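start_16.txt (compact mmCIF, N, CA and C atoms) appears below.
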# COMPACT_ATOMS: atom_id res chain seq x y z
N MET A 80 69.59 85.75 111.31
CA MET A 80 70.59 86.52 110.59
C MET A 80 71.73 85.58 110.23
N SER A 81 72.29 85.79 109.07
CA SER A 81 73.35 84.90 108.60
C SER A 81 74.65 85.13 109.38
N ILE A 82 75.48 84.14 109.34
CA ILE A 82 76.78 84.21 110.02
C ILE A 82 77.64 85.31 109.41
N GLU A 83 77.59 85.45 108.10
CA GLU A 83 78.40 86.49 107.44
C GLU A 83 78.01 87.89 107.92
N CYS A 84 76.70 88.11 108.07
CA CYS A 84 76.23 89.40 108.56
C CYS A 84 76.71 89.65 109.99
N GLN A 85 76.64 88.64 110.79
CA GLN A 85 77.09 88.77 112.18
C GLN A 85 78.57 89.07 112.26
N ILE A 86 79.36 88.45 111.40
CA ILE A 86 80.80 88.70 111.38
C ILE A 86 81.07 90.15 110.97
N ILE A 87 80.38 90.62 109.94
CA ILE A 87 80.55 92.01 109.48
C ILE A 87 80.15 92.98 110.59
N LEU A 88 79.05 92.69 111.27
CA LEU A 88 78.60 93.57 112.35
C LEU A 88 79.59 93.60 113.51
N ASN A 89 80.16 92.47 113.84
CA ASN A 89 81.12 92.43 114.94
C ASN A 89 82.43 93.12 114.60
N LYS A 90 82.75 93.19 113.33
CA LYS A 90 83.99 93.88 112.92
C LYS A 90 83.81 95.39 112.87
N ASN A 91 82.58 95.85 112.73
CA ASN A 91 82.34 97.28 112.58
C ASN A 91 81.43 97.77 113.72
N PRO A 92 82.01 98.39 114.75
CA PRO A 92 81.19 98.84 115.89
C PRO A 92 80.18 99.93 115.52
N ASN A 93 80.52 100.79 114.57
CA ASN A 93 79.56 101.82 114.15
C ASN A 93 78.33 101.19 113.50
N LEU A 94 78.55 100.19 112.70
CA LEU A 94 77.44 99.52 112.04
C LEU A 94 76.58 98.78 113.06
N LYS A 95 77.21 98.19 114.02
CA LYS A 95 76.48 97.48 115.07
C LYS A 95 75.64 98.47 115.89
N ARG A 96 76.22 99.60 116.23
CA ARG A 96 75.49 100.63 116.97
C ARG A 96 74.31 101.17 116.15
N PHE A 97 74.55 101.38 114.86
CA PHE A 97 73.48 101.86 113.98
C PHE A 97 72.33 100.85 113.94
N LEU A 98 72.65 99.59 113.89
CA LEU A 98 71.62 98.56 113.86
C LEU A 98 70.84 98.52 115.17
N HIS A 99 71.52 98.72 116.28
CA HIS A 99 70.83 98.75 117.58
C HIS A 99 69.92 99.98 117.69
N GLU A 100 70.33 101.07 117.10
CA GLU A 100 69.51 102.29 117.14
C GLU A 100 68.34 102.23 116.17
N ASN A 101 68.43 101.38 115.16
CA ASN A 101 67.38 101.25 114.14
C ASN A 101 67.00 99.78 114.00
N PRO A 102 66.23 99.25 114.92
CA PRO A 102 65.96 97.81 114.92
C PRO A 102 65.12 97.31 113.75
N ARG A 103 64.52 98.21 112.99
CA ARG A 103 63.73 97.75 111.84
C ARG A 103 64.60 97.05 110.80
N TYR A 104 65.90 97.34 110.82
CA TYR A 104 66.81 96.72 109.85
C TYR A 104 67.08 95.25 110.17
N TYR A 105 66.81 94.80 111.37
CA TYR A 105 66.98 93.39 111.69
C TYR A 105 66.12 92.52 110.78
N LYS A 106 64.89 92.93 110.60
CA LYS A 106 63.97 92.17 109.75
C LYS A 106 64.49 92.11 108.31
N LEU A 107 64.97 93.24 107.83
CA LEU A 107 65.48 93.27 106.45
C LEU A 107 66.72 92.40 106.29
N LEU A 108 67.58 92.41 107.30
CA LEU A 108 68.77 91.57 107.24
C LEU A 108 68.43 90.09 107.32
N ASN A 109 67.43 89.76 108.10
CA ASN A 109 67.01 88.36 108.18
C ASN A 109 66.43 87.87 106.85
N ARG A 110 65.76 88.74 106.15
CA ARG A 110 65.17 88.37 104.87
C ARG A 110 66.19 88.34 103.74
N ASP A 111 67.11 89.31 103.77
CA ASP A 111 68.10 89.40 102.70
C ASP A 111 69.47 89.78 103.28
N PRO A 112 70.37 88.82 103.40
CA PRO A 112 71.70 89.11 103.98
C PRO A 112 72.53 90.10 103.15
N ASN A 113 72.20 90.23 101.87
CA ASN A 113 72.93 91.19 101.03
C ASN A 113 72.58 92.64 101.35
N TYR A 114 71.56 92.82 102.15
CA TYR A 114 71.14 94.17 102.55
C TYR A 114 72.19 94.83 103.46
N ILE A 115 73.13 94.08 103.94
CA ILE A 115 74.16 94.61 104.85
C ILE A 115 74.93 95.75 104.19
N HIS A 116 75.11 95.68 102.88
CA HIS A 116 75.87 96.72 102.18
C HIS A 116 75.07 98.03 102.11
N GLU A 117 73.78 97.91 101.90
CA GLU A 117 72.93 99.10 101.91
C GLU A 117 72.83 99.67 103.33
N LEU A 118 72.79 98.79 104.29
CA LEU A 118 72.77 99.22 105.69
C LEU A 118 74.04 99.99 106.02
N GLU A 119 75.16 99.52 105.53
CA GLU A 119 76.43 100.21 105.76
C GLU A 119 76.43 101.59 105.11
N ASN A 120 75.86 101.70 103.93
CA ASN A 120 75.78 103.01 103.27
C ASN A 120 74.88 103.97 104.05
N ASN A 121 73.77 103.46 104.58
CA ASN A 121 72.89 104.28 105.40
C ASN A 121 73.59 104.75 106.66
N MET A 122 74.35 103.87 107.25
CA MET A 122 75.09 104.22 108.47
C MET A 122 76.11 105.32 108.17
N LYS A 123 76.82 105.20 107.07
CA LYS A 123 77.82 106.20 106.71
C LYS A 123 77.19 107.57 106.47
N GLU A 124 76.01 107.57 105.87
CA GLU A 124 75.31 108.83 105.64
C GLU A 124 74.85 109.45 106.95
N LYS A 125 74.32 108.64 107.83
CA LYS A 125 73.81 109.17 109.10
C LYS A 125 74.94 109.68 109.99
N TYR A 126 76.02 108.92 110.08
CA TYR A 126 77.14 109.31 110.95
C TYR A 126 78.15 110.20 110.24
N LYS A 127 77.83 110.59 109.01
CA LYS A 127 78.68 111.49 108.22
C LYS A 127 80.10 110.94 108.07
N LEU A 128 80.19 109.74 107.58
CA LEU A 128 81.46 109.08 107.34
C LEU A 128 81.78 108.92 105.86
N THR A 129 81.00 109.59 105.04
CA THR A 129 81.26 109.52 103.59
C THR A 129 82.43 110.43 103.24
N LEU A 130 82.96 110.23 102.07
CA LEU A 130 84.12 111.02 101.63
C LEU A 130 83.82 112.52 101.59
N PRO A 131 82.70 112.96 101.02
CA PRO A 131 82.43 114.41 101.03
C PRO A 131 82.31 114.98 102.45
N ASP A 132 81.76 114.20 103.36
CA ASP A 132 81.66 114.67 104.75
C ASP A 132 83.03 114.81 105.38
N LYS A 133 83.90 113.85 105.11
CA LYS A 133 85.25 113.92 105.66
C LYS A 133 86.03 115.10 105.09
N ILE A 134 85.85 115.35 103.81
CA ILE A 134 86.52 116.50 103.17
C ILE A 134 86.00 117.80 103.76
N ASP A 135 84.71 117.88 103.96
CA ASP A 135 84.12 119.09 104.54
C ASP A 135 84.61 119.31 105.97
N LYS A 136 84.71 118.24 106.73
CA LYS A 136 85.21 118.35 108.11
C LYS A 136 86.66 118.84 108.11
N PHE A 137 87.46 118.30 107.19
CA PHE A 137 88.85 118.72 107.09
C PHE A 137 88.94 120.19 106.67
N LYS A 138 88.10 120.60 105.73
CA LYS A 138 88.08 122.00 105.30
C LYS A 138 87.72 122.92 106.46
N ASN A 139 86.76 122.53 107.27
CA ASN A 139 86.38 123.34 108.42
C ASN A 139 87.54 123.49 109.42
N LYS A 140 88.27 122.42 109.61
CA LYS A 140 89.43 122.49 110.51
C LYS A 140 90.50 123.41 109.95
N LEU A 141 90.71 123.34 108.65
CA LEU A 141 91.69 124.24 108.03
C LEU A 141 91.25 125.70 108.13
N ASP A 142 89.98 125.94 107.93
CA ASP A 142 89.47 127.31 108.07
C ASP A 142 89.64 127.82 109.49
N MET A 143 89.40 126.98 110.46
CA MET A 143 89.57 127.38 111.85
C MET A 143 91.04 127.67 112.14
N LEU A 144 91.93 126.83 111.64
CA LEU A 144 93.36 127.06 111.83
C LEU A 144 93.79 128.36 111.16
N ASN A 145 93.28 128.60 109.99
CA ASN A 145 93.60 129.84 109.28
C ASN A 145 93.11 131.06 110.07
N THR A 146 91.95 130.96 110.67
CA THR A 146 91.42 132.05 111.48
C THR A 146 92.31 132.31 112.69
N PHE A 147 92.78 131.25 113.34
CA PHE A 147 93.67 131.43 114.49
C PHE A 147 94.99 132.09 114.07
N ILE A 148 95.49 131.69 112.93
CA ILE A 148 96.76 132.28 112.44
C ILE A 148 96.54 133.76 112.13
N ASP A 149 95.42 134.11 111.53
CA ASP A 149 95.12 135.51 111.23
C ASP A 149 95.00 136.34 112.51
N ILE A 150 94.41 135.77 113.53
CA ILE A 150 94.26 136.47 114.80
C ILE A 150 95.61 136.72 115.45
N LEU A 151 96.51 135.75 115.35
CA LEU A 151 97.83 135.88 115.97
C LEU A 151 98.72 136.88 115.23
N ASN A 152 98.45 137.10 113.99
CA ASN A 152 99.28 138.04 113.22
C ASN A 152 98.81 139.43 113.40
As structure tokens, what does this structure read like?
Amino acid sequence: MSIECQIILNKNPNLKRFLHENPRYYKLLNRDPNYIHELENNMKEKYKLTLPDKIDKFKNKLDMLNTFIDILN
């Protein structure tokens, strides 16, 4: 694996964990170091770290807060 890939993995613990959970990506990274960006996108989708997921999570929290306020009134 290239040094650049290792540096990126060490900076991002979620990406490193994702790689440990899915060892088949080691082979792909060894063959093509540019695959790290696709790997990062896969990790974000699996761990729900994409922008739509974050917005949905925030919306759910607001709905829950609104429900608590309605109950208190």
(request) State, in Å with one decimal place, the distance from CA of Glu117 in chain A to CA of Leu98 in chain A. (result)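 Calculated distance between CA of Glu117 in chain A and CA of Leu98 in chain A is 12.0 Å.
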(message) I need the helix (DSSP H, G or I) residues of range 89-140 of chain A per DSSP on the backbone, written as an MDAnalysis selection string.
(response) chainID A and resid 89:90 92:100 103:110 112:125 130:140
(request) Record the distance separating CA of His99 in chain A and CA of Thr129 in chain A, expressed in Å with one decimal. (result)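 CA of Thr129 in chain A lies 20.5 Å from CA of His99 in chain A.
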(message) Just checking: using only C-alpha atoms, which residue out of A:Lys127, A:Arg96, A:Arg110, A:Arg103 ends up closest to Met80 in chain A?
(response)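 Selected residue with least distance to Met80 in chain A: A:Arg110.
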(message) Just to confirm, what's the straight-line distance from CA of Glu119 in chain A to CA of Pro92 in chain A in Å (one decimal)?
(response)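 CA of Pro92 in chain A lies at a distance of 11.3 Å from CA of Glu119 in chain A.
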(request) Could you give me, as a ChimeraX atom specification, the residues within 8 Å of range 111-115 of chain A, counting all atoms listed in the file and dropping anything in the same chain fewer than 4 positions from it? (result) /A:80-81,83-84,105-107,119-121
